[in-house]
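Coordinates from final-v1.cif are shown below (mmCIF, C-alpha atoms).
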```cif
data_protein
loop_
_atom_site.label_atom_id
_atom_site.label_comp_id
_atom_site.auth_asym_id
_atom_site.auth_seq_id
_atom_site.Cartn_x
_atom_site.Cartn_y
_atom_site.Cartn_z
CA MET A 13 63.05 84.00 142.41
CA ASN A 14 66.53 84.59 141.00
CA GLU A 15 67.44 80.99 141.74
CA LEU A 16 64.34 79.76 139.90
CA ILE A 17 65.21 81.84 136.84
CA GLN A 18 68.72 80.39 136.85
CA HIS A 19 67.33 76.85 137.00
CA LEU A 20 64.95 77.57 134.13
CA VAL A 21 67.80 78.87 131.97
CA ASN A 22 69.92 75.82 132.78
CA ALA A 23 67.00 73.52 131.92
CA LEU A 24 66.49 75.28 128.58
CA ILE A 25 70.13 74.76 127.63
CA LEU A 26 70.20 71.10 128.68
CA GLY A 27 66.81 70.45 127.08
CA GLY A 28 68.13 71.25 123.61
CA THR A 29 70.56 68.33 123.65
CA TYR A 30 67.96 66.04 125.25
CA ALA A 31 65.58 66.95 122.44
CA LEU A 32 68.21 65.93 119.87
CA LEU A 33 68.56 62.55 121.57
CA GLY A 34 64.81 62.02 121.67
CA ILE A 35 64.14 63.10 118.09
CA GLY A 36 66.84 60.80 116.73
CA LEU A 37 65.50 57.80 118.63
CA THR A 38 61.84 58.42 117.85
CA LEU A 39 62.55 58.83 114.13
CA ILE A 40 64.17 55.41 113.99
CA PHE A 41 61.40 53.73 115.95
CA GLY A 42 58.55 55.53 114.21
CA ILE A 43 59.68 54.79 110.65
CA MET A 44 61.65 51.56 111.00
CA ASN A 45 59.99 50.02 114.07
CA VAL A 46 63.47 49.36 115.45
CA VAL A 47 64.38 49.79 119.11
CA ASN A 48 67.84 51.32 118.74
CA PHE A 49 70.05 50.14 121.58
CA THR A 50 73.10 51.68 119.91
CA HIS A 51 71.80 55.21 120.53
CA GLY A 52 73.86 55.75 123.67
CA ALA A 53 76.97 54.33 122.01
CA LEU A 54 76.50 56.71 119.06
CA TYR A 55 76.19 59.57 121.56
CA THR A 56 79.55 58.48 122.99
CA VAL A 57 81.10 58.17 119.53
CA GLY A 58 80.04 61.74 118.70
CA ALA A 59 81.77 63.02 121.84
CA TYR A 60 84.97 61.09 121.07
CA VAL A 61 85.05 62.25 117.45
CA MET A 62 84.74 65.81 118.77
CA TYR A 63 87.62 65.12 121.16
CA LEU A 64 89.82 63.64 118.42
CA ALA A 65 89.10 66.49 116.03
CA VAL A 66 89.81 69.26 118.54
CA ALA A 67 92.38 67.88 120.98
CA ALA A 68 94.25 65.34 118.85
CA LEU A 69 94.06 66.78 115.33
CA GLY A 70 93.89 70.47 116.28
CA LEU A 71 90.82 71.13 114.14
CA ASN A 72 88.86 74.31 114.75
CA PHE A 73 86.22 73.74 117.45
CA PHE A 74 83.37 74.99 115.26
CA LEU A 75 84.42 72.82 112.32
CA ALA A 76 84.80 69.78 114.58
CA LEU A 77 81.06 69.73 115.35
CA PRO A 78 79.93 68.98 111.76
CA VAL A 79 82.74 66.41 111.54
CA ALA A 80 81.33 64.63 114.61
CA ILE A 81 77.81 64.79 113.16
CA LEU A 82 79.08 63.36 109.86
CA GLY A 83 80.87 60.60 111.75
CA GLY A 84 77.63 59.62 113.49
CA LEU A 85 75.75 59.73 110.18
CA LEU A 86 78.22 57.44 108.41
CA LEU A 87 78.41 55.02 111.33
CA GLY A 88 74.62 54.90 111.53
CA ALA A 89 74.35 54.18 107.81
CA ALA A 90 76.91 51.38 108.18
CA ILE A 91 75.00 49.84 111.10
CA GLU A 92 71.77 49.83 109.09
CA LEU A 93 73.38 48.37 105.97
CA VAL A 94 75.45 45.68 107.72
CA LEU A 95 73.31 44.71 110.71
CA LEU A 96 69.70 45.76 110.17
CA ARG A 97 69.10 45.31 106.46
CA PRO A 98 69.87 41.55 106.47
CA PHE A 99 67.31 41.13 109.27
CA ARG A 100 64.58 43.23 107.66
CA GLY A 101 61.34 41.33 108.10
CA SER A 102 62.58 39.45 111.17
CA ASP A 103 60.68 39.69 114.44
CA ILE A 104 61.40 42.58 116.79
CA ASP A 105 63.13 40.30 119.32
CA THR A 106 65.82 39.40 116.78
CA THR A 107 66.54 43.01 115.84
CA MET A 108 66.61 44.00 119.51
CA LEU A 109 69.26 41.37 120.23
CA VAL A 110 71.28 42.52 117.23
CA MET A 111 71.14 46.15 118.37
CA ILE A 112 72.01 45.28 121.97
CA GLY A 113 75.05 43.38 120.71
CA ALA A 114 76.07 46.25 118.45
CA GLY A 115 75.78 48.71 121.36
CA ILE A 116 78.01 46.54 123.54
CA VAL A 117 80.58 46.24 120.75
CA LEU A 118 80.67 50.01 120.19
CA GLN A 119 81.02 50.76 123.90
CA SER A 120 83.75 48.16 124.32
CA GLY A 121 85.48 49.51 121.22
CA THR A 122 85.65 53.04 122.62
CA LEU A 123 86.97 51.68 125.93
CA TRP A 124 89.63 49.62 124.14
CA THR A 125 90.62 52.52 121.87
CA PHE A 126 90.66 55.42 124.32
CA GLY A 127 91.00 53.76 127.71
CA GLY A 128 88.89 54.41 130.77
CA VAL A 129 90.36 57.79 131.69
CA ALA A 130 87.98 60.69 131.12
CA LYS A 131 88.97 63.20 128.42
CA ALA A 132 88.34 66.94 128.37
CA ILE A 133 87.52 68.79 125.16
CA PRO A 134 88.98 72.32 125.04
CA ALA A 135 86.53 75.02 123.95
CA PRO A 136 87.45 78.49 122.56
CA PHE A 137 85.18 80.44 124.88
CA PRO A 138 86.06 82.84 127.71
CA GLU A 139 85.92 81.36 131.20
CA ALA A 140 84.03 84.36 132.56
CA PRO A 141 80.28 83.69 132.15
CA LEU A 142 77.76 86.02 130.60
CA GLN A 143 75.94 87.88 133.38
CA VAL A 144 72.44 89.13 132.59
CA GLY A 145 70.91 90.48 135.77
CA PRO A 146 70.71 87.63 138.26
CA VAL A 147 71.33 84.96 135.59
CA SER A 148 74.82 83.67 134.87
CA VAL A 149 75.43 81.49 131.79
CA SER A 150 78.70 80.26 130.34
CA TRP A 151 79.39 81.12 126.71
CA LEU A 152 79.93 77.44 125.94
CA ARG A 153 76.44 76.54 127.17
CA LEU A 154 74.95 79.34 125.08
CA PHE A 155 76.68 77.91 122.03
CA VAL A 156 75.34 74.45 122.90
CA LEU A 157 71.80 75.82 123.08
CA GLY A 158 72.11 77.70 119.79
CA ALA A 159 73.59 74.71 117.98
CA ALA A 160 70.96 72.33 119.37
CA LEU A 161 68.06 74.59 118.39
CA THR A 162 69.56 75.02 114.91
CA LEU A 163 69.85 71.25 114.44
CA ILE A 164 66.28 70.74 115.66
CA ALA A 165 65.01 73.35 113.19
CA LEU A 166 66.98 71.77 110.33
CA THR A 167 65.57 68.34 111.20
CA TYR A 168 62.02 69.68 111.16
CA ALA A 169 62.67 71.37 107.82
CA LEU A 170 64.07 68.15 106.37
CA ILE A 171 61.06 66.13 107.51
CA ASN A 172 58.40 68.62 106.44
CA ARG A 173 59.91 70.54 103.51
CA THR A 174 61.94 68.07 101.44
CA LYS A 175 61.25 65.10 99.17
CA LEU A 176 63.28 62.89 101.51
CA GLY A 177 61.09 63.96 104.41
CA LEU A 178 57.95 63.27 102.36
CA ALA A 179 59.24 59.80 101.55
CA MET A 180 60.08 59.20 105.23
CA ARG A 181 56.56 60.18 106.27
CA ALA A 182 55.09 57.97 103.54
CA ALA A 183 57.18 55.01 104.72
CA PHE A 184 55.94 55.65 108.26
CA GLN A 185 52.30 55.65 107.21
CA ASP A 186 52.48 52.51 105.04
CA SER A 187 55.79 51.19 103.75
CA ASP A 188 54.17 48.75 101.31
CA THR A 189 52.06 51.43 99.67
CA ALA A 190 55.04 53.80 99.61
CA ALA A 191 57.06 51.14 97.79
CA LEU A 192 54.28 50.71 95.22
CA MET A 193 54.33 54.48 94.64
CA GLY A 194 58.02 54.38 93.76
CA VAL A 195 59.64 55.07 97.13
CA ASP A 196 62.84 53.11 97.69
CA VAL A 197 61.98 52.02 101.22
CA ARG A 198 65.37 50.40 101.83
CA ARG A 199 67.15 53.68 101.13
CA ILE A 200 64.66 55.52 103.32
CA TYR A 201 65.43 53.16 106.19
CA THR A 202 69.15 53.75 105.73
CA ALA A 203 68.68 57.52 105.60
CA THR A 204 66.43 57.43 108.66
CA PHE A 205 68.87 55.44 110.77
CA ALA A 206 71.76 57.61 109.61
CA LEU A 207 69.84 60.79 110.48
CA GLY A 208 68.84 59.53 113.92
CA SER A 209 72.41 58.43 114.59
CA SER A 210 73.81 61.81 113.54
CA LEU A 211 71.48 63.56 116.01
CA ALA A 212 72.71 61.29 118.82
CA ALA A 213 76.31 62.02 117.83
CA ALA A 214 75.53 65.75 117.74
CA ALA A 215 74.19 65.61 121.30
CA GLY A 216 77.36 63.87 122.47
CA ALA A 217 79.59 66.33 120.61
CA LEU A 218 77.76 69.27 122.19
CA LEU A 219 77.73 67.97 125.76
CA GLY A 220 81.24 66.52 125.61
CA PRO A 221 82.94 69.92 126.03
CA VAL A 222 80.50 70.87 128.82
CA TYR A 223 81.36 67.81 130.92
CA VAL A 224 84.01 65.15 130.17
CA VAL A 225 84.16 62.28 127.71
CA PHE A 226 84.38 58.66 128.89
CA PRO A 227 83.34 55.30 127.37
CA GLN A 228 80.32 54.70 129.64
CA MET A 229 78.80 58.15 129.17
CA GLY A 230 76.21 56.86 126.72
CA GLY A 231 74.52 54.48 129.15
CA LEU A 232 72.55 57.07 131.08
CA ALA A 233 72.04 59.17 127.95
CA GLU A 234 70.39 56.19 126.24
CA LEU A 235 68.04 55.65 129.18
CA LYS A 236 67.08 59.31 129.07
CA ALA A 237 66.48 59.11 125.32
CA PHE A 238 64.08 56.20 125.80
CA ALA A 239 62.36 58.08 128.62
CA ILE A 240 61.95 61.15 126.39
CA VAL A 241 60.47 59.09 123.56
CA ILE A 242 58.04 57.34 125.90
CA LEU A 243 57.10 60.65 127.51
CA GLY A 244 56.47 62.38 124.18
CA GLY A 245 54.70 59.47 122.52
CA LEU A 246 56.35 56.80 120.37
CA GLY A 247 57.07 58.12 116.88
CA ASN A 248 56.12 61.71 117.68
CA VAL A 249 58.92 64.11 116.69
CA THR A 250 57.31 67.17 118.29
CA GLY A 251 56.56 65.18 121.43
CA ALA A 252 60.19 64.04 121.63
CA ALA A 253 61.42 67.61 121.37
CA ILE A 254 59.03 68.85 124.07
CA GLY A 255 59.74 65.76 126.18
CA GLY A 256 63.45 66.58 126.13
CA PHE A 257 62.81 70.01 127.61
CA ILE A 258 60.38 68.59 130.17
CA LEU A 259 62.95 66.03 131.33
CA ALA A 260 65.67 68.69 131.58
CA LEU A 261 63.35 70.92 133.61
CA ALA A 262 62.47 68.08 135.97
CA GLU A 263 66.13 67.25 136.51
CA GLU A 264 67.17 70.85 137.07
CA LEU A 265 64.38 71.63 139.54
CA GLY A 266 64.93 68.31 141.32
CA ALA A 267 68.63 69.00 141.70
CA GLY A 268 68.00 72.57 142.84
CA TYR A 269 65.16 72.09 145.30
CA VAL A 270 65.40 68.44 146.40
CA SER A 271 68.95 67.11 146.12
CA SER A 272 71.59 66.91 143.44
CA GLY A 273 71.80 63.20 144.18
CA TYR A 274 68.24 62.82 142.91
CA ARG A 275 68.86 64.76 139.70
CA ASP A 276 68.42 61.80 137.37
CA ALA A 277 65.77 60.12 139.52
CA MET A 278 63.43 63.13 139.50
CA GLY A 279 63.00 63.04 135.75
CA PHE A 280 62.10 59.36 135.73
CA LEU A 281 59.69 59.80 138.64
CA ILE A 282 57.80 62.42 136.63
CA ILE A 283 57.74 60.10 133.63
CA ILE A 284 56.25 57.33 135.77
CA ALA A 285 53.60 59.75 137.02
CA VAL A 286 52.75 60.87 133.49
CA LEU A 287 52.48 57.33 132.16
CA LEU A 288 50.20 56.32 135.01
CA CYS A 289 47.75 58.98 133.79
CA ARG A 290 48.47 58.76 130.05
CA PRO A 291 50.15 55.45 129.06
CA THR A 292 50.67 56.48 125.42
CA GLY A 293 52.65 59.58 126.42
CA LEU A 294 51.71 63.23 126.54
CA PHE A 295 51.62 63.89 122.80
CA ALA A 296 50.72 60.59 121.19
CA LYS A 297 48.48 60.87 118.14
CA ALA A 298 47.46 58.85 115.14
CA GLU A 299 49.83 60.46 112.61
CA ARG A 300 53.02 61.05 114.46
CA ILE A 301 55.92 61.64 112.11
CA GLY A 302 56.19 65.25 110.93
#
```

Write-out of the structure in structure tokens:
Amino acid sequence: MNELIQHLVNALILGGTYALLGIGLTLIFGIMNVVNFTHGALYTVGAYVMYLAVAALGLNFFLALPVAILGGLLLGAAIELVLLRPFRGSDIDTTMLVMIGAGIVLQSGTLWTFGGVAKAIPAPFPEAPLQVGPVSVSWLRLFVLGAALTLIALTYALINRTKLGLAMRAAFQDSDTAALMGVDVRRIYTATFALGSSLAAAAGALLGPVYVVFPQMGGLAELKAFAIVILGGLGNVTGAAIGGFILALAEELGAGYVSSGYRDAMGFLIIIAVLLCRPTGLFAKAERIG
């Protein structure tokens, strides 16, 4: 029983960052109808910005996180303006090829800049974990959970309580009608891609100190983000958040009770099983954004 509780706590902590990945990806797809193959690279960029800010520049750890998020936001806005906006109206195959190429360039750029050696991000937390009964949790992981939940809450507030969020939801429902009502759809697309990119960068910045940072770290993260979006229902923000926690739980229980070698496989096996029963995902519905 104690072991199960420990696994549940670990899944909760990991699920927060998975939810960030899924929400960022599903926002971009739901509003822009763009399959973002740079999502994993942006996750990697967020981790490296965190590393540069803390280890290279000596910036305070807690201030480095918003810097990494801002870096992802600005890079995402640049990608939308330079690469996606000129192809607006093109078929989905063209934009997919553009995004695949951009993802390869970003990954190669991080490898060329930082080399292939893994980097560690120092964190200002005590090494001794917090012990609550039979459960042991590191202070760093608790911070990761708190930061992830805060970012999820802020994203929900932005979508549902601000004029920008209202315009994003209007563009999702019908971009042509939204444009006729005075919504600058092009700016909404830029803001959406920037927001989704910043969430991916935030996930990388949060998990970077927990593990290590290396140029290929975004590959598996991107696959998991797509799995979360498919599991939760394409374009469904709430479904993506819940899907992130479901995937983390599946991985944690698989690693604990089957084999650590099947950690990543267990989550995808569950996704296959879910899609066999419900092809549109667990939480798909007609009005999905917000």

task: Decode the PyMOL selection byres ((chain A and resi 116) around 12) for the given file into explicit residues and return them as a ChimeraX atom specification.
output: /A:49-54,109-115,117-123,227-228,230-231

task: Give me the residues within 9 Å of A:Val61 as a list in words, counting all atoms listed in the file and dropping any in the same chain fewer than 3 places off.
output: Thr56, Val57, Gly58, Leu64, Ala65, Val66, Ala76, Leu77, Val79, Ala80, Ile81, Gly83, Gly84, Ala213 and Ala217 of chain A

message: Here is a test: counting all atoms listed in the file, which residue of A:Val249, A:Leu96, A:Ala89, A:Val21 is nearest to A:Asn172?
response: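 Closest candidate: A:Val249.
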
- request: Do a neighbour search on A:Asp188 at 10 Å with all atoms listed in the file, toss out local chain neighbours closer than 6 positions, and write the hits as a ChimeraX atom specification.
  value: /A:182,195,197

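Here atom CA of A:Leu265 stands at a distance of 12.8 Å from atom CA of A:Leu281.
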
Å distance separating atom CA of A:Glu139 from atom CA of A:Leu259, one decimal place: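 We find that atom CA of A:Glu139 and atom CA of A:Leu259 lie 27.6 Å from each other.
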
- request: Give the answer as one residue: which of A:Ile254, A:Pro134, A:Tyr223, A:Phe155 has the shortest atom-to-atom distance to A:Gly70, using all atoms listed in the file?
  value: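 Under the stated criterion, the closest residue is A:Pro134.
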
task: Using the chain letters and numbers from the file, give me the residues hit by the PyMOL selection byres ((chain A and resi 36) around 9), as a VMD selection string.
output: chain A and resid 31 to 35 37 to 41 51 204 to 205 207 to 212 237 249 252

Every residue with an atom at most 10 Å from (58.7, 64.9, 107.4) (file coordinates; only C-alpha atoms) is what I'm after, so could you write them as a JSON list (two decimals) with C-alpha atoms, in the coordinates of the input?
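What ended up in selection_20.json:
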```
[["chain", "number", "residue", "atom", "x", "y", "z"],
["A", 39, "LEU", "CA", 62.55, 58.83, 114.13],
["A", 167, "THR", "CA", 65.57, 68.34, 111.20],
["A", 168, "TYR", "CA", 62.02, 69.68, 111.16],
["A", 169, "ALA", "CA", 62.67, 71.37, 107.82],
["A", 170, "LEU", "CA", 64.07, 68.15, 106.37],
["A", 171, "ILE", "CA", 61.06, 66.13, 107.51],
["A", 172, "ASN", "CA", 58.40, 68.62, 106.44],
["A", 173, "ARG", "CA", 59.91, 70.54, 103.51],
["A", 174, "THR", "CA", 61.94, 68.07, 101.44],
["A", 175, "LYS", "CA", 61.25, 65.10, 99.17],
["A", 176, "LEU", "CA", 63.28, 62.89, 101.51],
["A", 177, "GLY", "CA", 61.09, 63.96, 104.41],
["A", 178, "LEU", "CA", 57.95, 63.27, 102.36],
["A", 179, "ALA", "CA", 59.24, 59.80, 101.55],
["A", 180, "MET", "CA", 60.08, 59.20, 105.23],
["A", 181, "ARG", "CA", 56.56, 60.18, 106.27],
["A", 182, "ALA", "CA", 55.09, 57.97, 103.54],
["A", 184, "PHE", "CA", 55.94, 55.65, 108.26],
["A", 249, "VAL", "CA", 58.92, 64.11, 116.69],
["A", 300, "ARG", "CA", 53.02, 61.05, 114.46],
["A", 301, "ILE", "CA", 55.92, 61.64, 112.11],
["A", 302, "GLY", "CA", 56.19, 65.25, 110.93]]
```

Using the chain letters and numbers from the file, which residues does the PyMOL selection byres ((chain A and resi 236) around 9) grab, as a short mmCIF file (atom, residue, chain, number, x, y, z; two decimals) with C-alpha atoms, in the frame of the given file?
```
data_model
loop_
_atom_site.label_atom_id
_atom_site.label_comp_id
_atom_site.auth_asym_id
_atom_site.auth_seq_id
_atom_site.Cartn_x
_atom_site.Cartn_y
_atom_site.Cartn_z
CA TYR A 30 67.96 66.04 125.25
CA LEU A 33 68.56 62.55 121.57
CA GLY A 34 64.81 62.02 121.67
CA GLY A 231 74.52 54.48 129.15
CA LEU A 232 72.55 57.07 131.08
CA ALA A 233 72.04 59.17 127.95
CA GLU A 234 70.39 56.19 126.24
CA LEU A 235 68.04 55.65 129.18
CA ALA A 237 66.48 59.11 125.32
CA PHE A 238 64.08 56.20 125.80
CA ALA A 239 62.36 58.08 128.62
CA ILE A 240 61.95 61.15 126.39
CA VAL A 241 60.47 59.09 123.56
CA GLY A 256 63.45 66.58 126.13
CA LEU A 259 62.95 66.03 131.33
CA ASP A 276 68.42 61.80 137.37
CA GLY A 279 63.00 63.04 135.75
CA PHE A 280 62.10 59.36 135.73
#
```

- prompt: In Å, with one decimal, what is the gap from atom CA of A:Ser102 to atom CA of A:Leu192?
  reply: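 Going from atom CA of A:Ser102 over to atom CA of A:Leu192, I get 21.2 Å.
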
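Comparing the minimum interatomic distances between A:Gly293 and each of A:Ser187, A:Thr125, A:Asn45, A:Asn248, counting all atoms listed in the file, we find that A:Asn248 sits nearest.
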
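With distances restricted to only C-alpha atoms, A:Ala132 is the closest residue to A:Phe226 from A:Ile104, A:Ala132, A:Leu16, A:Ile25.
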
Shortest interatomic distance to A:Met62 - which of A:Pro136, A:Gly27, A:Pro98, A:Pro78, counting only C-alpha atoms: A:Pro78

message: Measuring between only C-alpha atoms, which one of A:Phe257, A:Tyr201, A:Tyr55, A:Tyr274 shows the shortest distance to A:Ala23?
response: A:Phe257

Radius query 8 Å about (67.1, 71.7, 137.7), atoms used: only C-alpha atoms, as JSON, numbers by chain: {"A": [19, 20, 22, 23, 260, 261, 262, 263, 264, 265, 266, 267, 268, 269, 275]}
